[in-house]
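Colleague: Contents of work_34.pdb (PDB, C-alpha atoms) are given next:
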```pdb
ATOM      1  CA  MET A   1      47.342 -79.816 108.038
ATOM      2  CA  THR A   2      50.593 -79.507 109.998
ATOM      3  CA  ASN A   3      51.224 -81.110 113.387
ATOM      4  CA  PRO A   4      51.506 -78.108 115.758
ATOM      5  CA  SER A   5      53.531 -79.800 118.518
ATOM      6  CA  ARG A   6      56.911 -78.364 117.486
ATOM      7  CA  TYR A   7      55.526 -74.817 117.434
ATOM      8  CA  LEU A   8      54.030 -74.670 120.944
ATOM      9  CA  ILE A   9      55.355 -72.284 123.584
ATOM     10  CA  SER A  10      54.328 -70.931 127.001
ATOM     11  CA  PRO A  11      53.211 -67.281 127.446
ATOM     12  CA  THR A  12      55.932 -66.845 130.097
ATOM     13  CA  ALA A  13      58.687 -67.861 127.684
ATOM     14  CA  SER A  14      60.985 -65.166 126.346
ATOM     15  CA  ILE A  15      61.133 -63.683 122.881
ATOM     16  CA  LYS A  16      64.483 -65.432 122.547
ATOM     17  CA  ASP A  17      62.731 -68.761 123.232
ATOM     18  CA  ALA A  18      60.178 -67.890 120.541
ATOM     19  CA  ILE A  19      62.975 -67.221 118.058
ATOM     20  CA  GLU A  20      64.349 -70.714 118.739
ATOM     21  CA  VAL A  21      60.897 -72.255 118.158
ATOM     22  CA  ILE A  22      60.446 -70.278 114.948
ATOM     23  CA  ASP A  23      63.895 -71.242 113.681
ATOM     24  CA  ARG A  24      63.398 -74.902 114.658
ATOM     25  CA  GLY A  25      60.300 -75.328 112.507
ATOM     26  CA  SER A  26      59.643 -74.556 108.869
ATOM     27  CA  ALA A  27      56.373 -72.671 109.455
ATOM     28  CA  GLN A  28      58.011 -69.488 110.819
ATOM     29  CA  VAL A  29      55.525 -69.258 113.703
ATOM     30  CA  ALA A  30      55.188 -69.968 117.436
ATOM     31  CA  LEU A  31      51.827 -70.894 118.979
ATOM     32  CA  VAL A  32      51.353 -69.570 122.500
ATOM     33  CA  ILE A  33      49.245 -71.901 124.674
ATOM     34  CA  ASP A  34      48.285 -72.198 128.333
ATOM     35  CA  ASN A  35      48.687 -75.283 130.534
ATOM     36  CA  ASP A  36      45.432 -76.743 129.166
ATOM     37  CA  GLY A  37      46.568 -76.484 125.560
ATOM     38  CA  LYS A  38      44.302 -73.522 124.780
ATOM     39  CA  LEU A  39      45.556 -71.062 122.214
ATOM     40  CA  LEU A  40      46.373 -67.637 123.663
ATOM     41  CA  GLY A  41      48.071 -66.078 120.656
ATOM     42  CA  ILE A  42      50.668 -66.508 117.916
ATOM     43  CA  VAL A  43      54.050 -64.986 117.161
ATOM     44  CA  THR A  44      55.503 -64.910 113.669
ATOM     45  CA  ASP A  45      58.972 -64.169 112.421
ATOM     46  CA  GLY A  46      57.655 -60.760 111.349
ATOM     47  CA  ASP A  47      56.359 -60.021 114.866
ATOM     48  CA  VAL A  48      59.808 -60.732 116.307
ATOM     49  CA  ARG A  49      61.550 -58.533 113.764
ATOM     50  CA  ARG A  50      59.147 -55.649 114.374
ATOM     51  CA  ALA A  51      59.656 -55.980 118.150
ATOM     52  CA  ILE A  52      63.419 -55.794 117.759
ATOM     53  CA  LEU A  53      63.071 -52.689 115.579
ATOM     54  CA  ARG A  54      60.959 -51.117 118.342
ATOM     55  CA  GLY A  55      63.778 -51.719 120.798
ATOM     56  CA  ILE A  56      62.105 -54.514 122.794
ATOM     57  CA  ALA A  57      64.713 -56.771 124.423
ATOM     58  CA  ILE A  58      64.656 -60.429 123.433
ATOM     59  CA  ASP A  59      64.611 -61.499 127.083
ATOM     60  CA  GLU A  60      61.130 -59.955 127.507
ATOM     61  CA  VAL A  61      58.175 -62.358 127.770
ATOM     62  CA  ILE A  62      56.567 -63.461 124.541
ATOM     63  CA  SER A  63      53.092 -62.349 125.648
ATOM     64  CA  LEU A  64      54.312 -58.780 125.154
ATOM     65  CA  ILE A  65      54.465 -59.152 121.366
ATOM     66  CA  MET A  66      52.089 -62.010 120.529
ATOM     67  CA  VAL A  67      48.956 -61.474 118.435
ATOM     68  CA  LYS A  68      46.247 -62.123 121.017
ATOM     69  CA  THR A  69      43.320 -62.527 118.595
ATOM     70  CA  PRO A  70      44.712 -64.570 115.693
ATOM     71  CA  VAL A  71      42.542 -65.751 112.827
ATOM     72  CA  CYS A  72      41.535 -69.352 113.621
ATOM     73  CA  VAL A  73      39.382 -72.052 112.040
ATOM     74  CA  LYS A  74      37.508 -75.014 113.475
ATOM     75  CA  GLU A  75      38.286 -78.684 112.902
ATOM     76  CA  GLY A  76      36.883 -79.912 109.583
ATOM     77  CA  THR A  77      37.703 -76.723 107.647
ATOM     78  CA  SER A  78      38.790 -77.700 104.133
ATOM     79  CA  ARG A  79      42.199 -76.902 102.653
ATOM     80  CA  GLU A  80      40.486 -74.767  99.999
ATOM     81  CA  ASN A  81      38.603 -72.653 102.542
ATOM     82  CA  ALA A  82      41.721 -72.226 104.693
ATOM     83  CA  LEU A  83      43.734 -71.124 101.668
ATOM     84  CA  GLY A  84      41.014 -68.684 100.639
ATOM     85  CA  LEU A  85      40.948 -67.179 104.139
ATOM     86  CA  MET A  86      44.729 -66.805 104.144
ATOM     87  CA  ARG A  87      44.585 -64.947 100.843
ATOM     88  CA  GLN A  88      41.757 -62.750 102.088
ATOM     89  CA  LYS A  89      43.552 -61.844 105.331
ATOM     90  CA  ALA A  90      47.057 -61.777 103.781
ATOM     91  CA  ILE A  91      48.396 -64.227 106.401
ATOM     92  CA  HIS A  92      50.527 -67.357 106.151
ATOM     93  CA  HIS A  93      49.283 -69.398 109.133
ATOM     94  CA  ILE A  94      45.896 -70.361 110.546
ATOM     95  CA  PRO A  95      45.637 -72.394 113.777
ATOM     96  CA  ILE A  96      42.941 -75.085 113.916
ATOM     97  CA  VAL A  97      41.124 -75.036 117.257
ATOM     98  CA  SER A  98      38.294 -76.787 119.083
ATOM     99  CA  ASP A  99      35.212 -75.012 120.439
ATOM    100  CA  SER A 100      37.139 -74.479 123.695
ATOM    101  CA  MET A 101      40.154 -73.035 121.771
ATOM    102  CA  ARG A 102      42.379 -76.070 122.305
ATOM    103  CA  ILE A 103      44.974 -76.191 119.560
ATOM    104  CA  LEU A 104      44.376 -79.118 117.172
ATOM    105  CA  GLY A 105      46.487 -78.322 114.147
ATOM    106  CA  LEU A 106      47.949 -75.662 111.918
ATOM    107  CA  PHE A 107      47.408 -74.661 108.303
ATOM    108  CA  VAL A 108      50.549 -73.288 106.635
ATOM    109  CA  ILE A 109      50.207 -71.586 103.261
ATOM    110  CA  ASP A 110      53.348 -73.155 101.783
ATOM    111  CA  ASP A 111      51.958 -76.626 102.501
ATOM    112  CA  LEU A 112      48.556 -75.776 101.041
ATOM    113  CA  LEU A 113      50.071 -74.419  97.834
ATOM    114  CA  GLN A 114      51.852 -77.735  97.290
ATOM    115  CA  LYS A 115      48.826 -79.302  95.670
ATOM    116  CA  PRO A 116      48.555 -83.074  96.184
ATOM    117  CA  SER A 117      47.949 -85.293  93.182
ATOM    118  CA  PHE A 118      45.603 -88.275  93.268
ATOM    119  CA  PRO A 119      45.422 -91.016  90.619
ATOM    120  CA  ASN A 120      41.806 -91.780  91.535
ATOM    121  CA  HIS A 121      39.176 -91.106  88.881
ATOM    122  CA  ILE A 122      36.032 -89.113  89.631
ATOM    123  CA  VAL A 123      32.583 -89.836  88.201
ATOM    124  CA  LEU A 124      30.212 -86.863  88.053
ATOM    125  CA  MET A 125      26.582 -87.943  87.729
ATOM    126  CA  ALA A 126      24.966 -85.538  85.254
ATOM    127  CA  GLY A 127      22.501 -87.637  83.252
ATOM    128  CA  GLY A 128      19.254 -86.945  85.090
ATOM    129  CA  LYS A 129      16.353 -84.738  83.952
ATOM    130  CA  GLY A 130      16.105 -82.635  87.113
ATOM    131  CA  GLN A 131      12.333 -83.029  87.306
ATOM    132  CA  ARG A 132      12.101 -81.358  90.721
ATOM    133  CA  LEU A 133      13.749 -78.220  89.350
ATOM    134  CA  LYS A 134      11.226 -77.592  86.587
ATOM    135  CA  PRO A 135      10.700 -75.178  84.879
ATOM    136  CA  LEU A 136      14.390 -74.251  85.344
ATOM    137  CA  THR A 137      15.413 -77.517  83.664
ATOM    138  CA  ASP A 138      12.993 -77.412  80.730
ATOM    139  CA  ASN A 139      15.800 -76.282  78.432
ATOM    140  CA  CYS A 140      18.883 -76.840  80.593
ATOM    141  CA  PRO A 141      20.255 -79.968  82.297
ATOM    142  CA  LYS A 142      20.296 -79.520  86.062
ATOM    143  CA  PRO A 143      24.111 -79.689  86.460
ATOM    144  CA  MET A 144      24.453 -76.827  83.961
ATOM    145  CA  LEU A 145      22.278 -74.413  85.961
ATOM    146  CA  LYS A 146      24.449 -71.520  87.050
ATOM    147  CA  VAL A 147      25.297 -70.773  90.667
ATOM    148  CA  ASN A 148      27.182 -67.506  91.097
ATOM    149  CA  GLY A 149      27.738 -67.332  87.354
ATOM    150  CA  LYS A 150      29.139 -70.862  86.882
ATOM    151  CA  PRO A 151      27.439 -74.173  86.057
ATOM    152  CA  ILE A 152      26.981 -76.364  89.124
ATOM    153  CA  LEU A 153      29.006 -79.081  87.391
ATOM    154  CA  GLU A 154      31.974 -76.737  86.839
ATOM    155  CA  THR A 155      31.945 -75.720  90.509
ATOM    156  CA  ILE A 156      31.995 -79.389  91.553
ATOM    157  CA  MET A 157      34.778 -80.218  89.105
ATOM    158  CA  MET A 158      36.939 -77.273  90.178
ATOM    159  CA  ARG A 159      36.638 -78.337  93.826
ATOM    160  CA  CYS A 160      38.028 -81.700  92.756
ATOM    161  CA  VAL A 161      40.786 -80.112  90.669
ATOM    162  CA  ASP A 162      41.842 -77.908  93.597
ATOM    163  CA  ALA A 163      42.031 -81.045  95.736
ATOM    164  CA  GLY A 164      44.442 -82.707  93.259
ATOM    165  CA  PHE A 165      42.230 -84.776  90.926
ATOM    166  CA  LYS A 166      42.442 -84.525  87.144
ATOM    167  CA  ASN A 167      40.677 -87.554  85.629
ATOM    168  CA  PHE A 168      36.900 -87.233  85.236
ATOM    169  CA  HIS A 169      34.037 -89.258  83.783
ATOM    170  CA  ILE A 170      30.733 -87.422  83.300
ATOM    171  CA  SER A 171      27.513 -89.381  82.830
ATOM    172  CA  ILE A 172      25.268 -87.691  80.252
ATOM    173  CA  ASN A 173      21.816 -88.199  78.758
ATOM    174  CA  TYR A 174      19.294 -85.348  79.018
ATOM    175  CA  LEU A 175      20.333 -82.379  76.813
ATOM    176  CA  LYS A 176      23.796 -83.911  76.752
ATOM    177  CA  GLU A 177      25.155 -81.591  74.047
ATOM    178  CA  GLN A 178      25.054 -78.647  76.453
ATOM    179  CA  ILE A 179      27.464 -80.513  78.739
ATOM    180  CA  THR A 180      29.799 -81.888  76.065
ATOM    181  CA  ASP A 181      29.949 -78.567  74.167
ATOM    182  CA  TYR A 182      30.837 -76.696  77.356
ATOM    183  CA  PHE A 183      33.439 -79.035  78.855
ATOM    184  CA  GLN A 184      34.689 -80.806  75.708
ATOM    185  CA  ASP A 185      37.783 -82.880  76.626
ATOM    186  CA  GLY A 186      38.661 -80.797  79.705
ATOM    187  CA  THR A 187      41.755 -79.149  78.233
ATOM    188  CA  LYS A 188      40.547 -75.684  79.265
ATOM    189  CA  TRP A 189      40.737 -76.766  82.925
ATOM    190  CA  GLY A 190      43.874 -78.902  82.571
ATOM    191  CA  VAL A 191      41.971 -82.156  83.170
ATOM    192  CA  ASN A 192      40.941 -85.263  81.244
ATOM    193  CA  ILE A 193      37.209 -85.769  80.648
ATOM    194  CA  ASN A 194      35.558 -88.934  79.366
ATOM    195  CA  TYR A 195      31.788 -89.107  78.821
ATOM    196  CA  LEU A 196      29.599 -92.007  79.923
ATOM    197  CA  GLU A 197      26.757 -91.691  77.417
ATOM    198  CA  GLU A 198      23.524 -93.284  78.611
ATOM    199  CA  ASN A 199      21.240 -94.399  75.769
ATOM    200  CA  GLU A 200      18.555 -94.770  78.431
ATOM    201  CA  PHE A 201      18.356 -93.462  81.970
ATOM    202  CA  LEU A 202      20.518 -95.773  84.097
ATOM    203  CA  GLY A 203      19.778 -94.435  87.578
ATOM    204  CA  THR A 204      22.362 -93.167  90.036
ATOM    205  CA  SER A 205      24.848 -96.025  89.620
ATOM    206  CA  GLY A 206      24.000 -97.789  86.350
ATOM    207  CA  CYS A 207      26.381 -95.626  84.340
ATOM    208  CA  LEU A 208      29.332 -97.047  86.289
ATOM    209  CA  LYS A 209      29.062-100.103  84.033
ATOM    210  CA  LEU A 210      30.243 -97.808  81.198
ATOM    211  CA  LEU A 211      33.559 -96.966  82.884
ATOM    212  CA  PRO A 212      36.755 -98.110  81.144
ATOM    213  CA  HIS A 213      38.169-101.288  82.677
ATOM    214  CA  LYS A 214      41.711 -99.970  83.037
ATOM    215  CA  ILE A 215      41.234 -97.239  85.622
ATOM    216  CA  PRO A 216      42.755 -97.137  89.127
ATOM    217  CA  ASP A 217      40.871 -98.615  92.044
ATOM    218  CA  ASP A 218      38.896 -96.516  94.547
ATOM    219  CA  ILE A 219      36.590 -94.442  92.361
ATOM    220  CA  VAL A 220      34.986 -91.250  93.668
ATOM    221  CA  VAL A 221      31.343 -90.754  92.642
ATOM    222  CA  ILE A 222      29.639 -87.371  93.110
ATOM    223  CA  ASN A 223      26.073 -86.398  92.281
ATOM    224  CA  GLY A 224      25.927 -83.521  89.817
ATOM    225  CA  ASP A 225      23.654 -81.389  91.994
ATOM    226  CA  ILE A 226      25.797 -81.188  95.136
ATOM    227  CA  ILE A 227      27.591 -78.022  96.222
ATOM    228  CA  THR A 228      30.023 -78.810  99.041
ATOM    229  CA  ASP A 229      33.353 -77.814 100.567
ATOM    230  CA  LEU A 230      34.082 -81.461 101.416
ATOM    231  CA  ASP A 231      37.817 -82.132 101.804
ATOM    232  CA  LEU A 232      38.289 -84.919  99.235
ATOM    233  CA  ASP A 233      41.861 -85.459 100.427
ATOM    234  CA  ARG A 234      40.580 -86.482 103.864
ATOM    235  CA  LEU A 235      37.829 -88.609 102.322
ATOM    236  CA  ILE A 236      40.237 -90.640 100.179
ATOM    237  CA  ARG A 237      42.682 -91.122 103.046
ATOM    238  CA  PHE A 238      39.856 -92.253 105.348
ATOM    239  CA  HIS A 239      38.615 -94.735 102.744
ATOM    240  CA  LEU A 240      42.062 -96.233 102.174
ATOM    241  CA  LYS A 241      43.020 -96.370 105.853
ATOM    242  CA  ALA A 242      39.774 -98.177 106.717
ATOM    243  CA  ASN A 243      40.294-100.576 103.779
ATOM    244  CA  ASN A 244      36.687 -99.988 102.750
ATOM    245  CA  VAL A 245      34.955-101.596  99.821
ATOM    246  CA  LEU A 246      32.558 -98.669  99.886
ATOM    247  CA  THR A 247      32.507 -95.343 101.735
ATOM    248  CA  VAL A 248      29.259 -93.383 101.867
ATOM    249  CA  CYS A 249      29.358 -89.704 102.785
ATOM    250  CA  SER A 250      26.625 -88.489 105.111
ATOM    251  CA  ARG A 251      25.230 -85.174 106.232
ATOM    252  CA  ALA A 252      23.428 -84.362 109.477
ATOM    253  CA  HIS A 253      19.787 -83.463 108.775
ATOM    254  CA  ARG A 254      17.516 -82.102 111.479
ATOM    255  CA  VAL A 255      13.775 -82.588 111.541
ATOM    256  CA  ARG A 256      11.493 -80.795 114.011
ATOM    257  CA  VAL A 257       8.184 -82.439 114.905
ATOM    258  CA  PRO A 258       5.620 -79.600 115.172
ATOM    259  CA  PHE A 259       3.679 -81.416 117.908
ATOM    260  CA  ALA A 260       4.289 -82.853 121.370
ATOM    261  CA  VAL A 261       5.620 -86.403 121.001
ATOM    262  CA  LEU A 262       4.200 -88.910 123.457
ATOM    263  CA  SER A 263       5.954 -91.916 124.917
ATOM    264  CA  THR A 264       3.515 -94.636 125.964
ATOM    265  CA  LYS A 265       3.451 -98.157 127.328
ATOM    266  CA  LEU A 266       0.230 -99.910 126.414
ATOM    267  CA  SER A 267      -2.341 -97.193 127.147
ATOM    268  CA  CYS A 268      -0.293 -95.407 129.808
ATOM    269  CA  LEU A 269       1.474 -92.127 129.095
ATOM    270  CA  LYS A 270       5.065 -92.222 130.317
ATOM    271  CA  SER A 271       6.372 -88.874 129.069
ATOM    272  CA  PHE A 272       6.053 -86.317 126.340
ATOM    273  CA  VAL A 273       8.382 -83.846 124.638
ATOM    274  CA  GLU A 274       7.122 -80.609 123.143
ATOM    275  CA  LYS A 275       8.133 -80.126 119.475
ATOM    276  CA  PRO A 276      11.333 -82.202 119.646
ATOM    277  CA  MET A 277      14.185 -81.939 117.168
ATOM    278  CA  TYR A 278      15.612 -85.174 115.761
ATOM    279  CA  GLU A 279      18.900 -85.448 113.895
ATOM    280  CA  TYR A 280      19.626 -88.089 111.261
ATOM    281  CA  GLN A 281      22.632 -88.886 109.098
ATOM    282  CA  VAL A 282      21.385 -88.760 105.497
ATOM    283  CA  ASN A 283      23.011 -89.801 102.235
ATOM    284  CA  ALA A 284      25.084 -86.848 100.963
ATOM    285  CA  GLY A 285      25.486 -88.065  97.374
ATOM    286  CA  VAL A 286      29.274 -88.616  97.511
ATOM    287  CA  TYR A 287      30.880 -92.081  97.500
ATOM    288  CA  VAL A 288      34.203 -93.883  97.159
ATOM    289  CA  LEU A 289      34.082 -97.469  95.937
ATOM    290  CA  LYS A 290      36.306-100.313  94.837
ATOM    291  CA  LYS A 291      36.084-101.325  91.177
ATOM    292  CA  LYS A 292      34.757-104.726  92.171
ATOM    293  CA  CYS A 293      31.526-103.035  93.299
ATOM    294  CA  ILE A 294      30.703-102.416  89.629
ATOM    295  CA  GLU A 295      30.353-106.178  89.125
ATOM    296  CA  GLU A 296      27.257-106.051  91.342
ATOM    297  CA  ILE A 297      25.454-103.551  89.086
ATOM    298  CA  SER A 298      22.782-105.131  86.890
ATOM    299  CA  ALA A 299      22.274-103.980  83.300
ATOM    300  CA  GLY A 300      19.828-101.136  82.807
ATOM    301  CA  PHE A 301      18.421 -98.838  85.481
ATOM    302  CA  PHE A 302      20.231 -99.297  88.792
ATOM    303  CA  ASP A 303      20.294 -96.845  91.685
ATOM    304  CA  MET A 304      23.145 -96.294  94.147
ATOM    305  CA  THR A 305      20.875 -97.444  96.971
ATOM    306  CA  ASP A 306      20.495-100.800  95.176
ATOM    307  CA  LEU A 307      24.271-101.106  94.926
ATOM    308  CA  ILE A 308      24.765-100.231  98.588
ATOM    309  CA  ASP A 309      22.221-102.900  99.581
ATOM    310  CA  LYS A 310      24.083-105.517  97.550
ATOM    311  CA  ILE A 311      27.460-104.598  99.034
ATOM    312  CA  LEU A 312      26.031-104.712 102.563
ATOM    313  CA  GLU A 313      24.426-108.116 101.956
ATOM    314  CA  GLN A 314      27.885-109.521 101.217
ATOM    315  CA  ASP A 315      29.173-108.363 104.599
ATOM    316  CA  ASN A 316      31.772-106.089 102.998
ATOM    317  CA  ASN A 317      33.497-103.291 104.855
ATOM    318  CA  VAL A 318      31.270-100.230 104.344
ATOM    319  CA  SER A 319      31.840 -97.044 106.338
ATOM    320  CA  VAL A 320      30.174 -93.663 106.690
ATOM    321  CA  PHE A 321      32.167 -90.431 106.335
ATOM    322  CA  PRO A 322      30.255 -87.469 107.837
ATOM    323  CA  ILE A 323      30.483 -84.155 105.992
ATOM    324  CA  HIS A 324      30.953 -81.319 108.480
ATOM    325  CA  GLU A 325      31.827 -78.773 105.809
ATOM    326  CA  ASN A 326      29.335 -76.732 103.804
ATOM    327  CA  TRP A 327      26.960 -78.945 101.809
ATOM    328  CA  LYS A 328      23.840 -78.283  99.794
ATOM    329  CA  ASP A 329      21.705 -80.545  97.642
ATOM    330  CA  ILE A 330      20.150 -78.394  94.899
ATOM    331  CA  GLY A 331      16.959 -80.410  94.568
ATOM    332  CA  ASN A 332      14.260 -77.814  93.952
ATOM    333  CA  PRO A 333      13.883 -74.137  92.915
ATOM    334  CA  ASP A 334      13.952 -72.956  96.549
ATOM    335  CA  ASP A 335      17.301 -74.708  97.122
ATOM    336  CA  PHE A 336      18.637 -73.219  93.889
ATOM    337  CA  ASN A 337      17.617 -69.698  94.874
ATOM    338  CA  GLU A 338      19.004 -70.156  98.405
ATOM    339  CA  VAL A 339      22.426 -71.203  97.104
ATOM    340  CA  ASN A 340      22.541 -68.295  94.656
ATOM    341  CA  ASN A 341      21.607 -65.841  97.383
TER     342      ASN A 341
END
```
Take the structure in the file and write it out as structure tokens.
Modeller:
Amino acid sequence: MTNPSRYLISPTASIKDAIEVIDRGSAQVALVIDNDGKLLGIVTDGDVRRAILRGIAIDEVISLIMVKTPVCVKEGTSRENALGLMRQKAIHHIPIVSDSMRILGLFVIDDLLQKPSFPNHIVLMAGGKGQRLKPLTDNCPKPMLKVNGKPILETIMMRCVDAGFKNFHISINYLKEQITDYFQDGTKWGVNINYLEENEFLGTSGCLKLLPHKIPDDIVVINGDIITDLDLDRLIRFHLKANNVLTVCSRAHRVRVPFAVLSTKLSCLKSFVEKPMYEYQVNAGVYVLKKKCIEEISAGFFDMTDLIDKILEQDNNVSVFPIHENWKDIGNPDDFNEVNN
């Protein structure tokens, strides 16, 4: 995301002023805003050139040539989604705005195409049986079920690759040959894949004990049944800036109570709310952790919730990173069908 401050201009400014703004920055765009910082339109280098060809004088006001309904995205939109929208619309810039259209940032295609590179290793948890997805998983491991023609695990991995990660460890157990035969060493995708082979089911964090010792700190762990547009770049930067021992990603989950909820004191009714909706932050199945966390994992079956409890007991710095982007846990056949549809 690009800081938009150098590209801002008033709607009463002239086309000549817009040319100076466009030339001053590298994004080849001017963002037209009102006094409250709300986006009114954009002007690109192409807009200026077309105006000149139409005979419009450069001392005319910029509002005469600006695009008044530019394509915009909301805060939290991932780099991948922004890039996909740019390709779809054949545009090079997308302003990032708030609900009230205040300008917050700017996506520029040249910046997005300069893919970042992260040394962090990613663990993809793919060893479970997928009991809740039976009978779909009778002869296929859950992460290899296909969503839109691709295994779930491939979709997850490609999201990580697009974000700049290339070193992967995949935990395997149930019908493991289907995973290893498909992905092999990762050469097809230009990545490195190592397999964490569980001789017994080790839970959602036990396989981390099988990781090589000489890997970089700050390991990303992702459940193998999660489809999400989470911006991993932002997640890693948040984790490092906060100096966290562990970062747990969360997702807002709403629950509606189908009855009136009463508030009482002793036997007296104080108030009631008809069919209220409650929102909770739930575990989203994505984590970043320091290597020293692995020392807290006991041999054998060990769940991520057990590890989180241990880290919290030691008063370590643990933070929550909310996922605002698309996210879906494919936990049962209905979820699977919903994602495919």
Colleague: For the structure shown, which residues end up in the PyMOL selection byres ((chain A and resi 171-178) around 7)? Put them as an NGL selection string, please?
Modeller: :A and (124-129 or 140-141 or 169-170 or 179-182 or 195-199 or 207)
Colleague: Determine the residue membership of the PyMOL selection byres ((chain A and resi 321-336) around 9) for the file above and supply it as a PDB file with C-alpha atoms, in the coordinates of the input.
Modeller:
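The file below, expr_31.pdb, is the result:
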```pdb
ATOM      1  CA  GLU A  75      38.286 -78.684 112.902  1.00  0.00           C
ATOM      2  CA  GLY A  76      36.883 -79.912 109.583  1.00  0.00           C
ATOM      3  CA  THR A  77      37.703 -76.723 107.647  1.00  0.00           C
ATOM      4  CA  SER A  78      38.790 -77.700 104.133  1.00  0.00           C
ATOM      5  CA  GLY A 130      16.105 -82.635  87.113  1.00  0.00           C
ATOM      6  CA  GLN A 131      12.333 -83.029  87.306  1.00  0.00           C
ATOM      7  CA  ARG A 132      12.101 -81.358  90.721  1.00  0.00           C
ATOM      8  CA  LEU A 133      13.749 -78.220  89.350  1.00  0.00           C
ATOM      9  CA  LYS A 134      11.226 -77.592  86.587  1.00  0.00           C
ATOM     10  CA  PRO A 135      10.700 -75.178  84.879  1.00  0.00           C
ATOM     11  CA  LEU A 136      14.390 -74.251  85.344  1.00  0.00           C
ATOM     12  CA  LYS A 142      20.296 -79.520  86.062  1.00  0.00           C
ATOM     13  CA  LEU A 145      22.278 -74.413  85.961  1.00  0.00           C
ATOM     14  CA  VAL A 147      25.297 -70.773  90.667  1.00  0.00           C
ATOM     15  CA  ASP A 225      23.654 -81.389  91.994  1.00  0.00           C
ATOM     16  CA  ILE A 226      25.797 -81.188  95.136  1.00  0.00           C
ATOM     17  CA  ILE A 227      27.591 -78.022  96.222  1.00  0.00           C
ATOM     18  CA  THR A 228      30.023 -78.810  99.041  1.00  0.00           C
ATOM     19  CA  ASP A 229      33.353 -77.814 100.567  1.00  0.00           C
ATOM     20  CA  LEU A 230      34.082 -81.461 101.416  1.00  0.00           C
ATOM     21  CA  ASP A 231      37.817 -82.132 101.804  1.00  0.00           C
ATOM     22  CA  LEU A 235      37.829 -88.609 102.322  1.00  0.00           C
ATOM     23  CA  PHE A 238      39.856 -92.253 105.348  1.00  0.00           C
ATOM     24  CA  HIS A 239      38.615 -94.735 102.744  1.00  0.00           C
ATOM     25  CA  THR A 247      32.507 -95.343 101.735  1.00  0.00           C
ATOM     26  CA  VAL A 248      29.259 -93.383 101.867  1.00  0.00           C
ATOM     27  CA  CYS A 249      29.358 -89.704 102.785  1.00  0.00           C
ATOM     28  CA  SER A 250      26.625 -88.489 105.111  1.00  0.00           C
ATOM     29  CA  ARG A 251      25.230 -85.174 106.232  1.00  0.00           C
ATOM     30  CA  ALA A 252      23.428 -84.362 109.477  1.00  0.00           C
ATOM     31  CA  GLN A 281      22.632 -88.886 109.098  1.00  0.00           C
ATOM     32  CA  ALA A 284      25.084 -86.848 100.963  1.00  0.00           C
ATOM     33  CA  GLY A 285      25.486 -88.065  97.374  1.00  0.00           C
ATOM     34  CA  SER A 319      31.840 -97.044 106.338  1.00  0.00           C
ATOM     35  CA  VAL A 320      30.174 -93.663 106.690  1.00  0.00           C
ATOM     36  CA  ASN A 337      17.617 -69.698  94.874  1.00  0.00           C
ATOM     37  CA  GLU A 338      19.004 -70.156  98.405  1.00  0.00           C
ATOM     38  CA  VAL A 339      22.426 -71.203  97.104  1.00  0.00           C
ATOM     39  CA  ASN A 340      22.541 -68.295  94.656  1.00  0.00           C
ATOM     40  CA  ASN A 341      21.607 -65.841  97.383  1.00  0.00           C
TER      41      ASN A 341
END
```
Colleague: Compile the contact shell of region 54-59 of chain A as a list in words: residues with an atom at most 10 Å away, counting all atoms listed in the file, same-chain residues fewer than 4 positions apart removed.
Modeller: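 The residues satisfying every condition are Ala13, Ser14, Ile15, Lys16, Asp17, Ala18, Ile19, Val48, Arg49, Arg50, Leu64 and Ile65 of chain A.
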Colleague: Which one of A:Leu104, A:Val318, A:Lys290, A:Leu153 sits closest to Ala242 (chain A) if you count only C-alpha atoms?
Modeller: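 Closest to Ala242 (chain A), using only C-alpha atoms: A:Val318.
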Colleague: Taking only C-alpha atoms into account, name the residue in A:Gly37, A:Gly149, A:Gly190, A:Gly300 that is nearest to Ser100 (chain A).
Modeller: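 Among the listed residues, the smallest separation from Ser100 (chain A) belongs to A:Gly37.
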Colleague: Skipping near chain neighbours, those fewer than 2 positions away, what residues fall within 10 Å of Pro116 (chain A) using all atoms listed in the file, listed as a PyMOL selection string?
Modeller: chain A and resi 111-114+118+161-165+233
Colleague: Point out the residue among A:Ala30, A:Leu266, A:Leu83, A:Leu53 with the least atom-to-atom distance to Val67 (chain A), counting all atoms listed in the file.
Modeller: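 The shortest atom-to-atom distance to Val67 (chain A) comes from A:Ala30.
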Colleague: Go through the shown structure with the PyMOL selection byres ((chain A and resi 305) around 12) and write out the matching residues as a PyMOL selection string.
Modeller: chain A and resi 203-206+248+283+285+287+297+301-304+306-312
Colleague: My list of candidates is A:Leu262, A:Ala27, A:Ile222, A:Ile215. Which is closest to Thr2 (chain A) when distances are computed with all atoms listed in the file?
Modeller: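 Among the listed residues, the smallest separation from Thr2 (chain A) belongs to A:Ala27.
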Colleague: Between CA of Gln28 (chain A) and CA of Asp45 (chain A), what distance in Å does the model show, to one decimal?
Modeller: 5.6 Å
Colleague: Find the spatial neighbours of Thr187 (chain A), counting all atoms listed in the file, within a cut-off of 12 Å - ignore same-chain residues fewer than 5 positions away - and output them as a list in words.
Modeller: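 Everything that qualifies: Lys166, Asn167, Phe168, Tyr182, Asn192, Ile193 and Asn194 of chain A.
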Colleague: Counting only C-alpha atoms, find residues at most 12 Å from (55.2, -82.6, 113.4) (file frame) and give them as number ranges by chain.
Modeller: A: 1-8, 24-27, 104-106
Colleague: Quick one: distance from CA of Val220 (chain A) to CA of Gln184 (chain A) in Å, one decimal?
Modeller: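 Here the two named atoms are 20.8 Å from each other.
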Colleague: I need the residue nearest Glu200 (chain A) from this list: A:Asp36, A:Glu154, A:Met86, A:Ala299. Use all atoms listed in the file for the distance.
Modeller: A:Ala299
